[in-house]
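Structure file work-v7.cif; described as mmCIF, C-alpha atoms and all ligand atoms.
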data_input
#
loop_
_atom_site.group_PDB
_atom_site.id
_atom_site.type_symbol
_atom_site.label_atom_id
_atom_site.label_comp_id
_atom_site.auth_asym_id
_atom_site.auth_seq_id
_atom_site.Cartn_x
_atom_site.Cartn_y
_atom_site.Cartn_z
ATOM 1 C CA MET A 838 83.631 111.029 75.004
ATOM 2 C CA ASN A 839 84.746 114.600 74.994
ATOM 3 C CA GLU A 840 88.473 114.412 75.596
ATOM 4 C CA ASN A 841 88.998 117.698 77.360
ATOM 5 C CA LYS A 842 86.293 116.915 79.906
ATOM 6 C CA THR A 843 88.439 114.103 81.209
ATOM 7 C CA ASN A 844 91.533 116.232 81.245
ATOM 8 C CA ILE A 845 91.651 116.800 84.975
ATOM 9 C CA ASN A 846 94.651 116.073 87.073
ATOM 10 C CA TRP A 847 96.038 116.031 90.521
ATOM 11 C CA PHE A 848 98.348 118.935 91.170
ATOM 12 C CA PRO A 849 101.964 117.886 90.665
ATOM 13 C CA GLY A 850 102.718 118.814 94.278
ATOM 14 C CA HIS A 851 100.079 116.396 95.525
ATOM 15 C CA MET A 852 101.546 113.623 93.432
ATOM 16 C CA VAL A 853 105.085 114.234 94.674
ATOM 17 C CA LYS A 854 103.827 114.155 98.247
ATOM 18 C CA ALA A 855 101.763 111.018 97.616
ATOM 19 C CA ILE A 856 104.772 109.266 96.067
ATOM 20 C CA ASN A 857 107.032 110.221 98.952
ATOM 21 C CA ASP A 858 104.467 109.112 101.535
ATOM 22 C CA MET A 859 104.063 105.861 99.665
ATOM 23 C CA LYS A 860 107.803 105.253 99.455
ATOM 24 C CA SER A 861 108.295 105.791 103.164
ATOM 25 C CA SER A 862 105.337 103.554 104.027
ATOM 26 C CA ILE A 863 106.457 100.769 101.719
ATOM 27 C CA LYS A 864 109.908 100.719 103.308
ATOM 28 C CA LEU A 865 108.198 99.735 106.560
ATOM 29 C CA VAL A 866 106.220 96.773 105.270
ATOM 30 C CA ASP A 867 106.682 93.215 103.972
ATOM 31 C CA VAL A 868 103.498 92.986 101.912
ATOM 32 C CA VAL A 869 101.653 95.573 99.827
ATOM 33 C CA CYS A 870 97.953 95.187 99.051
ATOM 34 C CA VAL A 871 96.722 97.149 96.051
ATOM 35 C CA VAL A 872 92.956 97.578 96.228
ATOM 36 C CA LEU A 873 91.115 97.789 92.901
ATOM 37 C CA ASP A 874 87.512 98.415 91.942
ATOM 38 C CA SER A 875 86.285 95.138 90.451
ATOM 39 C CA ARG A 876 84.117 96.994 87.931
ATOM 40 C CA ILE A 877 87.119 98.833 86.500
ATOM 41 C CA PRO A 878 90.234 96.818 87.389
ATOM 42 C CA ASP A 879 92.437 98.590 84.844
ATOM 43 C CA SER A 880 91.282 102.149 85.356
ATOM 44 C CA SER A 881 91.453 101.867 89.139
ATOM 45 C CA LYS A 882 95.029 100.569 88.999
ATOM 46 C CA ASN A 883 97.777 103.163 89.189
ATOM 47 C CA ASN A 884 100.935 101.523 87.933
ATOM 48 C CA ILE A 885 103.220 103.776 89.931
ATOM 49 C CA ILE A 886 102.771 101.473 92.918
ATOM 50 C CA PHE A 887 104.326 98.579 91.012
ATOM 51 C CA ASP A 888 107.444 100.676 90.556
ATOM 52 C CA ILE A 889 107.616 101.881 94.115
ATOM 53 C CA ALA A 890 106.870 98.449 95.585
ATOM 54 C CA LYS A 891 108.869 96.413 93.078
ATOM 55 C CA ASP A 892 110.907 94.696 95.793
ATOM 56 C CA LYS A 893 107.884 93.701 97.881
ATOM 57 C CA PRO A 894 105.215 91.078 97.311
ATOM 58 C CA ILE A 895 102.017 92.627 96.001
ATOM 59 C CA ILE A 896 98.495 91.285 96.448
ATOM 60 C CA LEU A 897 95.797 92.637 94.134
ATOM 61 C CA VAL A 898 92.545 92.999 96.059
ATOM 62 C CA PHE A 899 89.521 93.137 93.776
ATOM 63 C CA ASN A 900 87.059 94.923 96.037
ATOM 64 C CA LYS A 901 83.374 95.735 95.510
ATOM 65 C CA CYS A 902 83.044 92.379 93.772
ATOM 66 C CA ASP A 903 79.382 92.442 94.815
ATOM 67 C CA LEU A 904 78.849 95.082 92.113
ATOM 68 C CA ALA A 905 80.885 93.351 89.427
ATOM 69 C CA ASP A 906 80.005 91.194 86.461
ATOM 70 C CA MET A 907 81.839 87.985 87.376
ATOM 71 C CA ASN A 908 82.031 86.849 83.756
ATOM 72 C CA LYS A 909 84.151 89.809 82.817
ATOM 73 C CA LEU A 910 85.943 89.981 86.140
ATOM 74 C CA ASN A 911 87.064 86.343 85.973
ATOM 75 C CA LYS A 912 88.704 87.036 82.632
ATOM 76 C CA LYS A 913 90.566 89.979 84.132
ATOM 77 C CA ILE A 914 91.594 87.906 87.108
ATOM 78 C CA ASP A 915 92.971 85.207 84.785
ATOM 79 C CA GLU A 916 94.962 87.903 83.008
ATOM 80 C CA TYR A 917 96.461 89.127 86.263
ATOM 81 C CA ASN A 918 97.069 85.597 87.519
ATOM 82 C CA ASN A 919 98.917 84.807 84.314
ATOM 83 C CA LYS A 920 101.100 87.837 84.893
ATOM 84 C CA GLY A 921 102.013 86.304 88.240
ATOM 85 C CA TYR A 922 99.987 88.491 90.591
ATOM 86 C CA GLU A 923 98.441 87.223 93.776
ATOM 87 C CA VAL A 924 94.723 87.965 93.656
ATOM 88 C CA VAL A 925 91.920 88.093 96.231
ATOM 89 C CA LEU A 926 88.278 89.082 95.742
ATOM 90 C CA THR A 927 86.504 91.028 98.455
ATOM 91 C CA ASN A 928 83.209 92.605 99.319
ATOM 92 C CA ALA A 929 84.581 94.653 102.173
ATOM 93 C CA ASN A 930 81.177 95.976 103.179
ATOM 94 C CA LEU A 931 80.101 92.473 104.136
ATOM 95 C CA GLY A 932 83.558 91.264 105.118
ATOM 96 C CA GLN A 933 83.592 88.686 102.330
ATOM 97 C CA GLY A 934 87.044 87.567 101.211
ATOM 98 C CA ILE A 935 88.711 89.109 104.260
ATOM 99 C CA ASN A 936 89.850 85.752 105.674
ATOM 100 C CA GLU A 937 91.229 84.806 102.265
ATOM 101 C CA LEU A 938 93.114 88.091 102.260
ATOM 102 C CA LEU A 939 94.563 87.410 105.707
ATOM 103 C CA ASN A 940 95.682 83.939 104.598
ATOM 104 C CA LYS A 941 97.204 85.346 101.425
ATOM 105 C CA ILE A 942 99.106 87.947 103.460
ATOM 106 C CA LEU A 943 100.521 85.193 105.682
ATOM 107 C CA GLU A 944 101.449 83.103 102.658
ATOM 108 C CA VAL A 945 103.218 85.779 100.609
ATOM 109 C CA GLY A 946 104.684 87.373 103.732
ATOM 110 C CA SER A 947 106.195 84.079 104.772
ATOM 111 C CA ASN A 948 107.566 83.380 101.280
ATOM 112 C CA TYR A 949 109.054 86.850 101.191
ATOM 113 C CA LYS A 950 110.802 86.540 104.533
ATOM 114 C CA HIS A 951 112.120 83.096 103.656
ATOM 115 C CA SER A 952 113.408 84.003 100.242
ATOM 116 C CA ASN A 953 115.062 87.122 101.602
ATOM 117 C CA LYS A 954 116.203 85.462 104.821
ATOM 118 C CA LEU A 955 115.157 88.640 106.511
ATOM 119 C CA SER A 956 116.958 89.443 109.757
ATOM 120 C CA SER A 957 116.750 85.781 110.720
ATOM 121 C CA GLU A 958 113.204 86.685 111.617
ATOM 122 C CA TYR A 959 111.844 84.021 109.331
ATOM 123 C CA LYS A 960 113.166 81.485 111.789
ATOM 124 C CA LYS A 961 111.151 82.959 114.624
ATOM 125 C CA VAL A 962 108.151 81.111 115.939
ATOM 126 C CA THR A 963 105.983 84.153 115.380
ATOM 127 C CA PRO A 964 107.397 86.232 112.573
ATOM 128 C CA ILE A 965 105.599 89.534 112.039
ATOM 129 C CA TYR A 966 104.353 90.439 108.596
ATOM 130 C CA ARG A 967 103.767 94.132 108.145
ATOM 131 C CA VAL A 968 101.193 95.214 105.610
ATOM 132 C CA LEU A 969 100.185 98.343 103.723
ATOM 133 C CA ILE A 970 96.783 98.736 102.088
ATOM 134 C CA SER A 971 96.977 101.055 99.091
ATOM 135 C CA GLY A 972 94.698 102.264 96.348
ATOM 136 C CA ILE A 973 92.911 105.218 94.821
ATOM 137 C CA PRO A 974 90.385 107.175 96.917
ATOM 138 C CA ASN A 975 86.999 105.539 97.538
ATOM 139 C CA VAL A 976 88.055 102.104 96.398
ATOM 140 C CA GLY A 977 87.404 100.707 99.888
ATOM 141 C CA LYS A 978 90.769 100.834 101.679
ATOM 142 C CA SER A 979 89.393 102.005 105.033
ATOM 143 C CA THR A 980 86.571 99.489 104.921
ATOM 144 C CA ILE A 981 89.076 96.699 104.273
ATOM 145 C CA ILE A 982 91.330 97.886 107.095
ATOM 146 C CA ASN A 983 88.320 97.961 109.436
ATOM 147 C CA LYS A 984 87.289 94.474 108.449
ATOM 148 C CA LEU A 985 90.839 93.133 108.737
ATOM 149 C CA ALA A 986 91.135 94.683 112.154
ATOM 150 C CA GLY A 987 87.763 93.286 113.128
ATOM 151 C CA LYS A 988 86.560 96.511 114.639
ATOM 152 C CA ARG A 989 86.006 100.072 113.589
ATOM 153 C CA THR A 990 89.415 101.567 114.135
ATOM 154 C CA VAL A 991 89.679 103.927 111.191
ATOM 155 C CA ASN A 992 87.271 106.373 109.649
ATOM 156 C CA VAL A 993 85.299 105.184 106.685
ATOM 157 C CA GLY A 994 84.107 107.899 104.404
ATOM 158 C CA ASN A 995 84.686 109.666 101.185
ATOM 159 C CA LYS A 996 87.562 111.836 102.344
ATOM 160 C CA PRO A 997 90.953 110.333 101.608
ATOM 161 C CA GLY A 998 93.636 110.782 104.206
ATOM 162 C CA VAL A 999 91.436 111.151 107.288
ATOM 163 C CA THR A 1000 93.860 109.088 109.340
ATOM 164 C CA LYS A 1001 97.094 110.985 109.816
ATOM 165 C CA SER A 1002 99.511 109.387 112.277
ATOM 166 C CA LYS A 1003 101.446 106.226 111.496
ATOM 167 C CA GLN A 1004 100.097 103.518 113.722
ATOM 168 C CA TRP A 1005 100.009 99.784 113.503
ATOM 169 C CA ILE A 1006 97.042 97.570 114.055
ATOM 170 C CA ARG A 1007 97.896 94.098 115.288
ATOM 171 C CA ILE A 1008 95.872 91.300 113.735
ATOM 172 C CA GLY A 1009 96.238 87.890 115.301
ATOM 173 C CA LYS A 1010 99.753 86.737 116.137
ATOM 174 C CA ASN A 1011 101.566 87.471 112.914
ATOM 175 C CA ILE A 1012 100.198 90.501 111.134
ATOM 176 C CA GLU A 1013 100.632 94.203 111.674
ATOM 177 C CA LEU A 1014 98.696 96.541 109.491
ATOM 178 C CA LEU A 1015 99.667 100.117 108.853
ATOM 179 C CA ASP A 1016 96.482 101.887 109.809
ATOM 180 C CA THR A 1017 97.129 104.688 107.310
ATOM 181 C CA PRO A 1018 96.208 103.611 103.805
ATOM 182 C CA GLY A 1019 98.554 104.475 100.970
ATOM 183 C CA ILE A 1020 96.629 106.838 98.735
ATOM 184 C CA LEU A 1021 97.253 106.535 95.028
ATOM 185 C CA TRP A 1022 95.854 109.199 92.732
ATOM 186 C CA PRO A 1023 93.577 107.970 90.009
ATOM 187 C CA LYS A 1024 94.875 108.102 86.464
ATOM 188 C CA LEU A 1025 92.564 109.977 84.209
ATOM 189 C CA ASP A 1026 94.300 110.057 80.907
ATOM 190 C CA GLU A 1027 93.945 106.773 79.086
ATOM 191 C CA ASN A 1028 91.020 104.703 77.772
ATOM 192 C CA ASP A 1029 88.372 106.962 79.261
ATOM 193 C CA ALA A 1030 89.696 106.130 82.725
ATOM 194 C CA GLY A 1031 88.421 109.426 84.165
ATOM 195 C CA VAL A 1032 84.934 108.793 82.835
ATOM 196 C CA LYS A 1033 84.843 105.251 84.198
ATOM 197 C CA LEU A 1034 86.146 106.402 87.573
ATOM 198 C CA ALA A 1035 83.394 109.024 87.720
ATOM 199 C CA ILE A 1036 80.640 106.614 86.658
ATOM 200 C CA THR A 1037 81.671 104.138 89.351
ATOM 201 C CA GLY A 1038 81.938 106.874 91.988
ATOM 202 C CA ASN A 1039 85.674 106.742 92.482
ATOM 203 C CA ILE A 1040 86.058 110.393 91.573
ATOM 204 C CA LYS A 1041 83.500 113.140 91.980
ATOM 205 C CA GLU A 1042 81.143 113.020 89.054
ATOM 206 C CA GLU A 1043 80.611 116.787 89.275
ATOM 207 C CA ILE A 1044 84.109 117.210 87.909
ATOM 208 C CA LEU A 1045 82.741 115.951 84.626
ATOM 209 C CA ASP A 1046 79.502 116.747 82.857
ATOM 210 C CA ILE A 1047 77.016 114.303 84.359
ATOM 211 C CA GLU A 1048 74.855 114.234 81.259
ATOM 212 C CA GLU A 1049 77.870 113.186 79.220
ATOM 213 C CA LEU A 1050 78.632 110.518 81.799
ATOM 214 C CA ALA A 1051 75.117 109.143 81.554
ATOM 215 C CA PHE A 1052 75.297 109.188 77.752
ATOM 216 C CA TYR A 1053 78.602 107.383 77.856
ATOM 217 C CA LEU A 1054 77.049 104.745 80.074
ATOM 218 C CA ILE A 1055 74.007 104.268 77.834
ATOM 219 C CA LYS A 1056 76.224 103.989 74.767
ATOM 220 C CA TYR A 1057 78.374 101.426 76.557
ATOM 221 C CA LEU A 1058 75.439 99.359 77.845
ATOM 222 C CA ARG A 1059 73.913 99.253 74.370
ATOM 223 C CA GLN A 1060 76.988 97.492 73.043
ATOM 224 C CA ASN A 1061 76.327 94.503 75.275
ATOM 225 C CA GLU A 1062 73.016 92.722 74.871
ATOM 226 C CA ILE A 1063 72.850 91.496 78.457
ATOM 227 C CA TYR A 1064 73.695 94.916 79.865
ATOM 228 C CA PHE A 1065 71.218 96.653 77.601
ATOM 229 C CA ASN A 1066 68.483 94.270 78.702
ATOM 230 C CA MET A 1067 69.310 95.102 82.311
ATOM 231 C CA LEU A 1068 68.906 98.797 81.524
ATOM 232 C CA LYS A 1069 65.586 98.267 79.744
ATOM 233 C CA LEU A 1070 64.298 96.082 82.543
ATOM 234 C CA ARG A 1071 65.281 98.606 85.203
ATOM 235 C CA TYR A 1072 63.457 101.444 83.485
ATOM 236 C CA GLY A 1073 60.508 99.487 82.129
ATOM 237 C CA ILE A 1074 61.399 100.047 78.489
ATOM 238 C CA THR A 1075 59.376 97.353 76.754
ATOM 239 C CA GLU A 1076 59.035 98.987 73.346
ATOM 240 C CA ASP A 1077 61.485 98.309 70.525
ATOM 241 C CA VAL A 1078 64.239 100.892 70.883
ATOM 242 C CA SER A 1079 66.767 99.240 68.599
ATOM 243 C CA SER A 1080 66.655 102.057 66.079
ATOM 244 C CA CYS A 1081 66.581 104.831 68.678
ATOM 245 C CA GLU A 1082 69.450 107.251 69.179
ATOM 246 C CA ASP A 1083 71.191 107.168 72.546
ATOM 247 C CA TYR A 1084 69.594 110.458 73.548
ATOM 248 C CA GLU A 1085 66.141 109.042 72.819
ATOM 249 C CA ILE A 1086 66.797 106.178 75.207
ATOM 250 C CA PHE A 1087 68.024 108.691 77.738
ATOM 251 C CA GLU A 1088 64.819 110.710 77.290
ATOM 252 C CA LYS A 1089 62.710 107.582 77.629
ATOM 253 C CA ILE A 1090 64.307 106.905 80.984
ATOM 254 C CA GLY A 1091 63.525 110.471 82.019
ATOM 255 C CA GLU A 1092 59.932 109.955 80.886
ATOM 256 C CA LYS A 1093 59.547 106.678 82.740
ATOM 257 C CA ARG A 1094 60.812 108.316 85.903
ATOM 258 C CA GLY A 1095 58.770 111.479 85.475
ATOM 259 C CA ALA A 1096 61.851 113.677 85.328
ATOM 260 C CA TYR A 1097 60.374 116.764 83.717
ATOM 261 C CA LEU A 1098 61.181 120.418 83.730
ATOM 262 C CA LYS A 1099 58.200 122.766 83.253
ATOM 263 C CA GLY A 1100 55.833 121.286 80.700
ATOM 264 C CA ALA A 1101 56.876 118.179 78.872
ATOM 265 C CA THR A 1102 60.589 118.928 78.636
ATOM 266 C CA ILE A 1103 62.784 116.182 80.005
ATOM 267 C CA ASP A 1104 64.989 117.228 82.916
ATOM 268 C CA TYR A 1105 68.336 116.035 81.585
ATOM 269 C CA ASN A 1106 70.239 116.743 84.762
ATOM 270 C CA LYS A 1107 67.792 114.848 86.944
ATOM 271 C CA THR A 1108 67.630 111.942 84.495
ATOM 272 C CA ALA A 1109 71.418 111.722 84.358
ATOM 273 C CA LYS A 1110 71.588 111.689 88.153
ATOM 274 C CA ILE A 1111 69.029 108.887 88.367
ATOM 275 C CA ILE A 1112 70.934 106.738 85.882
ATOM 276 C CA LEU A 1113 74.324 107.360 87.496
ATOM 277 C CA ASP A 1114 73.119 106.883 91.074
ATOM 278 C CA GLU A 1115 71.384 103.646 90.197
ATOM 279 C CA PHE A 1116 74.389 102.371 88.289
ATOM 280 C CA LYS A 1117 76.726 103.148 91.188
ATOM 281 C CA SER A 1118 74.604 101.348 93.723
ATOM 282 C CA GLY A 1119 74.318 98.326 91.444
ATOM 283 C CA LYS A 1120 70.580 98.726 90.890
ATOM 284 C CA ILE A 1121 70.873 98.467 87.117
ATOM 285 C CA GLY A 1122 72.795 95.239 87.561
ATOM 286 C CA LYS A 1123 76.230 93.751 87.997
ATOM 287 C CA ILE A 1124 78.107 95.519 85.264
ATOM 288 C CA ASN A 1125 81.777 95.939 84.431
ATOM 289 C CA LEU A 1126 83.031 98.875 82.436
ATOM 290 C CA GLU A 1127 86.123 96.962 81.362
HETATM 291 N N1 LIG B 1 79.276 97.844 97.328
HETATM 292 C C1 LIG B 1 80.430 97.931 97.991
HETATM 293 N N2 LIG B 1 80.789 99.106 98.549
HETATM 294 C C2 LIG B 1 81.963 99.173 99.217
HETATM 295 C C3 LIG B 1 82.815 98.046 99.346
HETATM 296 N N3 LIG B 1 83.900 98.436 100.049
HETATM 297 C C4 LIG B 1 83.732 99.730 100.340
HETATM 298 N N4 LIG B 1 82.567 100.195 99.846
HETATM 299 C C5 LIG B 1 82.017 101.562 99.951
HETATM 300 O O1 LIG B 1 82.861 102.441 99.202
HETATM 301 C C6 LIG B 1 82.912 103.739 99.840
HETATM 302 C C7 LIG B 1 84.356 104.130 100.073
HETATM 303 O O2 LIG B 1 84.942 103.250 101.018
HETATM 304 P P1 LIG B 1 86.225 103.647 101.899
HETATM 305 O O3 LIG B 1 86.631 102.456 102.663
HETATM 306 O O4 LIG B 1 85.984 104.907 102.632
HETATM 307 O O5 LIG B 1 87.292 103.935 100.719
HETATM 308 P P2 LIG B 1 88.784 104.546 100.821
HETATM 309 O O6 LIG B 1 88.675 105.975 100.379
HETATM 310 O O7 LIG B 1 89.561 103.743 99.841
HETATM 311 O O8 LIG B 1 89.254 104.394 102.223
HETATM 312 C C8 LIG B 1 82.118 103.584 101.144
HETATM 313 O O9 LIG B 1 80.833 104.108 100.897
HETATM 314 C C9 LIG B 1 82.056 102.090 101.379
HETATM 315 O O10 LIG B 1 80.910 101.694 102.084
HETATM 316 C C10 LIG B 1 82.396 96.793 98.750
HETATM 317 O O11 LIG B 1 83.083 95.768 98.765
HETATM 318 N N5 LIG B 1 81.191 96.822 98.080
HETATM 319 MG MG MG B 2 89.821 105.958 103.573
#

Kindly return the structure encoded in the file as structure tokens.
Amino acid sequence: MNENKTNINWFPGHMVKAINDMKSSIKLVDVVCVVLDSRIPDSSKNNIIFDIAKDKPIILVFNKCDLADMNKLNKKIDEYNNKGYEVVLTNANLGQGINELLNKILEVGSNYKHSNKLSSEYKKVTPIYRVLISGIPNVGKSTIINKLAGKRTVNVGNKPGVTKSKQWIRIGKNIELLDTPGILWPKLDENDAGVKLAITGNIKEEILDIEELAFYLIKYLRQNEIYFNMLKLRYGITEDVSSCEDYEIFEKIGEKRGAYLKGATIDYNKTAKIILDEFKSGKIGKINLE
């Protein structure tokens, strides 16, 4: 992939502000949940949080697991488990895994208070565990907060930072959730992270060249027989394309979908959009990019 296309960054001022916001939020809580996109667990993980929250228990929440390839995801989860992380899988849209997350919060929160003998609060009948949900934009933080809270209390949408004031949402007897998610900026520099974030819809794809994104995806899917079969099935490619170039496969998809400019010229932009939209919504299949 073209390197300089991925070379986009948050402004340094934004990052400083995000770090400071995060630090002040983390001081207030006992448990930090880091939400990841299950399709790109590495690229959606900003390691800065592990520095800032190093004294607090951290739960990794693998969200959007409905879109993920469980074969690959399970391997990643084993990796993270072996590193000692607490892990929960969620499909926040459907509320799946939310009870497991609540139980995990109680468990690690209780361990934390006991091992730190915090303000003798651990001896209380109803100790309160305060929680922050953090992650990059669009990873599903607001949806998870809504589902944890059991009602629509925060805005769900594509704009990070819609909730401004610091307020707590009480859940059950023991949990208080900061209703402002901790926004982490996505990292865009290593291992095509920017490209993967754009393909999965975690950053605006318009920032990158969408045709290049679609090409990247086709190239990637071709390397995995199962994934490539999913692509062929989706677009009705029954002919032998094993010796085709990537762009020829791309054009075939355009053809199959009738994405033409005037005459018989394939509309590359439209074709790219079709492929990317259908990947993002999981229509091509359950596919992990790492
Ligand atoms: N397929 C799927 N989509 C999800 C899931 N969780 C959230 N989303 C969608 O991802 C988009 C961003 O979610 P949002 O909660 O606003 O993300 P935030 O920016 O991290 O607060 C929304 O369109 C949600 O409906 C999930 O588990 N599965
Ligand atoms: Mg949000």

Practice problem: Using all atoms listed in the file, determine which residues fall within 8 Å of ligand LIG 1 (chain B), then list them as a PyMOL selection string. | Solution: chain A and resi 872+900-904+927-933+971-982+992-998+1018+1020+1118-1119

Quiz prompt | Selected residue, from A:Asn1039, A:Asn940, A:Thr1102, A:Asn1011, that lies nearest to ligand MG 2 (chain B) when counting all atoms listed in the file | solution = A:Asn1039

Quiz prompt | Expansion of the PyMOL selection byres (((chain A and resi 913) around 12) and not hetatm) into residues, as a ChimeraX atom specification | solution = /A:873-879,897,899,905-912,914-920,922,924,926,1125-1127

Self-check item: Distance query Arg1094 in chain A at most 9 Å, all atoms listed in the file, self and fewer than 4 positions along chain excluded, as a VMD selection string
Solution: chain A and resid 1072 1089 to 1090 1108 1111

Quiz item: What does the distance from CA of Asn857 in chain A to CA of Trp1022 in chain A come to in Å, to one decimal?
Solution: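 Distance between the two atoms: 12.8 Å.
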
Quiz item: Pick the closest to ligand MG 2 (chain B) from A:Asp1104, A:Glu1027, A:Glu944, A:Asp1016: which is it, counting all atoms listed in the file?
Solution: A:Asp1016

Practice problem: Run the PyMOL selection byres (((chain A and resi 1077-1086) around 10) and not hetatm) on the file and write out the hits as a PyMOL selection string. | Solution: chain A and resi 1051-1056+1059+1068-1069+1074-1076+1087-1092+1105

Quiz prompt | range 850-856 of chain A surroundings by all atoms listed in the file, 9 Å radius, close-in-sequence under 5 positions cut, as a PyMOL selection string | solution = chain A and resi 861+885-886+889+1019-1022

Quiz item: How far is it from CA of Glu1013 in chain A to CA of Ile965 in chain A, in Å with one decimal?
Solution: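 We find that CA of Glu1013 in chain A and CA of Ile965 in chain A lie 6.8 Å from each other.
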
Exercise. Would you work out the distance separating CA of Asn983 in chain A from CA of Ile1006 in chain A, expressed in Å to one decimal?
Key: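 Pair CA of Asn983 in chain A / CA of Ile1006 in chain A returns 9.9 Å.
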
Could you write out as AutoDock Vina command-line options the box around range 1060-1072 of chain A (axis-aligned, all atoms listed in the file, 6 Å on each side), with centre and edge lengths in Å to one decimal?
--center_x 70.2 --center_y 96.5 --center_z 79.1 --size_x 25.5 --size_y 21.9 --size_z 24.2

Quiz item: Pick from A:Lys1024, A:Arg967, A:Lys860, A:Arg1007: nearest to Leu985 in chain A, with only C-alpha atoms counted?
Solution: A:Arg1007

Quiz item: Taking all atoms listed in the file into account, which of A:Asn953, A:Lys1123, A:Leu1050, A:Thr1017 comes nearest ligand MG 2 (chain B)?
Solution: A:Thr1017

Quiz prompt | Hits of the PyMOL selection byres (((chain A and resi 1012) around 12) and not hetatm) in this structure, as a VMD selection string | solution = chain A and resid 866 to 868 938 to 947 963 to 969 985 to 986 1005 to 1011 1013 to 1015
